[in-house]
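**Student:** Starting off with a structure, shown below.
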Amino acid sequence: MISDKIREFALGNARERFLRYVQVFTTSDEESETNPSTKRQWDLLRILADECREMGLSDVHLGDTGYVYATLPARPGVEAETFGLLAHVDTSPEQPGDNVKPRRLENWDGSPITYPDDPELTLSIEDSKELAHYVGDTIITGSGLTLLGADNKAGVSEIMAAMATLLKFDELMHGEIKICFTTDEEIGRGTVGLELDRLPKYCYTMDGGFAGELETECFDAWRADLVFHGVGVHPGTAKDTMVHAGHMMARYLADLPAEETPEHTSGREGFYYLVHSEGSVDRATASLIVRDFEADKNQARIENLAALKHKYESAVPGLRIDLETREQYRNMRDILAECPHVVARAHAALEDTGLEVLRHPIRGGTDGSVLSQLGHPTPNIFAGGLMFHSKREWIAEKALAQATETILHLARRWTE
Ligand SMILES: [Zn+2]
């Protein structure tokens, strides 16, 4: 059981950190080739490393590639398997992330929220239906010019606050816990340069949305790159000799199933997505991503791409098509199925917090998808924020408190 006194401390700690961390500018940059992608991410990484040390965590390490690692030693006499907690410090480049001015709307009455720095912008229950759960609670938003950064500074704050709480209250049971703050998740480079041997076998990311979410399934993800090689001839004398790579590409793409695209699919349905294409007579290129929750369905799509290659190459002499496919990440469901205790303990911790556990497949991937594949099964737990990557991003303090409390229960569950 978690007493009101502990709860109050944990929320106060998480709130103070959250309001402070979101003001540190940490937007990542897809164009950059450095690691981390932006120097400014170091600002928050250094703060976190210092605060881990001040708090009394052990083995605090800030690596050259920009990851903070720290360890909470087990309570004396407690023997338990170690687990890890991760969150990312960067925010999405889709919206401005500098000069974030968080503000708290206490005892929110349910009426549309307006923003001090953009009078045009409003946020109501119609825009974000989850708001309906928090009438009477405190809502935190940005000022209208920037995102808030709850993705994923809520997760960072919850992990830090949970560590501070476990250190302060002796009655809270826990084994060894390793924490790690990562960079560049928003640009898909959240595990580049990560020192995997500093992580325990089993981890959780605190990077989901609504309170109660536990994500254990993500896409099975492939990428396919096509190059069409044509035969260029003067158009006036091209009869029976020209092979137009651009036209061939257009026909090839038109042969893909029209209903299997992102705009026609939802839930557990998969798709082909044309990310980019360009071409002329000599050469045309197309890049696709292929997504599904079932590996065999994606295999069928990859085979279809190869069959279409043969169809056009044999129908059009002189045409050559290169097809390159590669796996990007795998549905972590199959990996997590081999260690059911990892998901079961998170499930139990969410219930201990009094939450209804919500299990939706992620139509995307997380750092945990990559980590799972690298031998560190890592489901994703909610962090509480909503409307990520937008100027209307928000979080309720209640969700911040519940996520922090979930970590406290999780710590105890790993000692049982
Ligand atoms: Zn995130």
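In the structure tokens, the first chain shown is A, the next is B, and so on; residue numbers restart at 1 for each chain, and ligands run from 1 in the order shown.
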Which residues of chain A have any atom within 10 Å of an atom in ligand 1 when counting only C-alpha atoms and all ligand atoms, and what is the closest pair of atoms for each, with the distance in Å to one decimal? Order the rows by chain and rising number and write it as a Markdown table.
**Tutor:**
```
| residue | atom | partner | partner_atom_place_in_ligand_line | distance |
| --- | --- | --- | --- | --- |
| A:Ala87 | CA | ligand 1 | 1 (Zn) | 7.7 |
| A:His88 | CA | ligand 1 | 1 (Zn) | 6.6 |
| A:Val89 | CA | ligand 1 | 1 (Zn) | 8.8 |
| A:Asp90 | CA | ligand 1 | 1 (Zn) | 8.3 |
| A:Thr91 | CA | ligand 1 | 1 (Zn) | 7.6 |
| A:Ser92 | CA | ligand 1 | 1 (Zn) | 8.2 |
| A:Gly149 | CA | ligand 1 | 1 (Zn) | 9.0 |
| A:Ala150 | CA | ligand 1 | 1 (Zn) | 8.3 |
| A:Asp151 | CA | ligand 1 | 1 (Zn) | 4.6 |
| A:Asn152 | CA | ligand 1 | 1 (Zn) | 4.8 |
| A:Lys153 | CA | ligand 1 | 1 (Zn) | 8.6 |
| A:Ala154 | CA | ligand 1 | 1 (Zn) | 9.5 |
| A:Gly155 | CA | ligand 1 | 1 (Zn) | 8.6 |
| A:Asp184 | CA | ligand 1 | 1 (Zn) | 9.6 |
| A:Glu185 | CA | ligand 1 | 1 (Zn) | 6.6 |
| A:Glu186 | CA | ligand 1 | 1 (Zn) | 6.5 |
| A:Gly190 | CA | ligand 1 | 1 (Zn) | 9.9 |
| A:Thr205 | CA | ligand 1 | 1 (Zn) | 9.1 |
| A:Met206 | CA | ligand 1 | 1 (Zn) | 8.4 |
| A:Asp207 | CA | ligand 1 | 1 (Zn) | 5.1 |
| A:Gly208 | CA | ligand 1 | 1 (Zn) | 7.1 |
| A:Gly209 | CA | ligand 1 | 1 (Zn) | 8.9 |
| A:Thr366 | CA | ligand 1 | 1 (Zn) | 7.8 |
| A:Asp367 | CA | ligand 1 | 1 (Zn) | 8.8 |
| A:Ala383 | CA | ligand 1 | 1 (Zn) | 9.1 |
| A:Gly385 | CA | ligand 1 | 1 (Zn) | 9.6 |
| A:Phe388 | CA | ligand 1 | 1 (Zn) | 8.0 |
| A:His389 | CA | ligand 1 | 1 (Zn) | 9.1 |
```
**Student:** Would you mind listing what lies within 12 Å of Glu259 in chain A as a PyMOL selection string, with only C-alpha atoms counted and same-chain residues fewer than 2 positions away left out?
**Tutor:** chain A and resi 254-257+261-266+269-273
**Student:** Give me, as a list in words, all polymer residues having an atom no more than 10 Å from Ser128 in chain A, counting only C-alpha atoms and skipping those fewer than 6 positions away in the same chain.
**Tutor:** Leu386, Met387, Arg392, Glu393 and Trp394 of chain A
**Student:** Just the number, please: distance in Å from CA of Glu30 in chain A to CA of Pro361 in chain A, one decimal.
**Tutor:**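 So the two atoms, CA of Glu30 in chain A and CA of Pro361 in chain A, lie 26.1 Å apart.
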**Student:** Taking only range 245-401 of chain A into account, list the residues labelled strand (DSSP E or B) by DSSP (computed from the backbone), as an MDAnalysis selection string.
**Tutor:** chainID A and resid 271:279 283:292 320:329 358 380:382 385:386 394:396
**Student:** Just give me the gap between CA of Pro36 in chain A and CA of Phe210 in chain A in Å, one decimal is fine.
**Tutor:**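 CA of Phe210 in chain A lies at a distance of 28.1 Å from CA of Pro36 in chain A.
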**Student:** As a PyMOL selection string, please: every residue in range 163-367 of chain A that DSSP puts in alpha helix (DSSP H).
**Tutor:** chain A and resi 163-168+245-254+295-315+332-336+340-352+367
**Student:** Which residue out of A:Glu313, A:Glu303, A:Glu213, A:Glu327 has the minimum interatomic distance to Val343 in chain A when only C-alpha atoms are used?
**Tutor:** A:Glu213
**Student:** What gap, in Å, lies between CA of His244 in chain A and CA of Val227 in chain A?
**Tutor:**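 Interatomic distance, CA of His244 in chain A to CA of Val227 in chain A: 12.5 Å.
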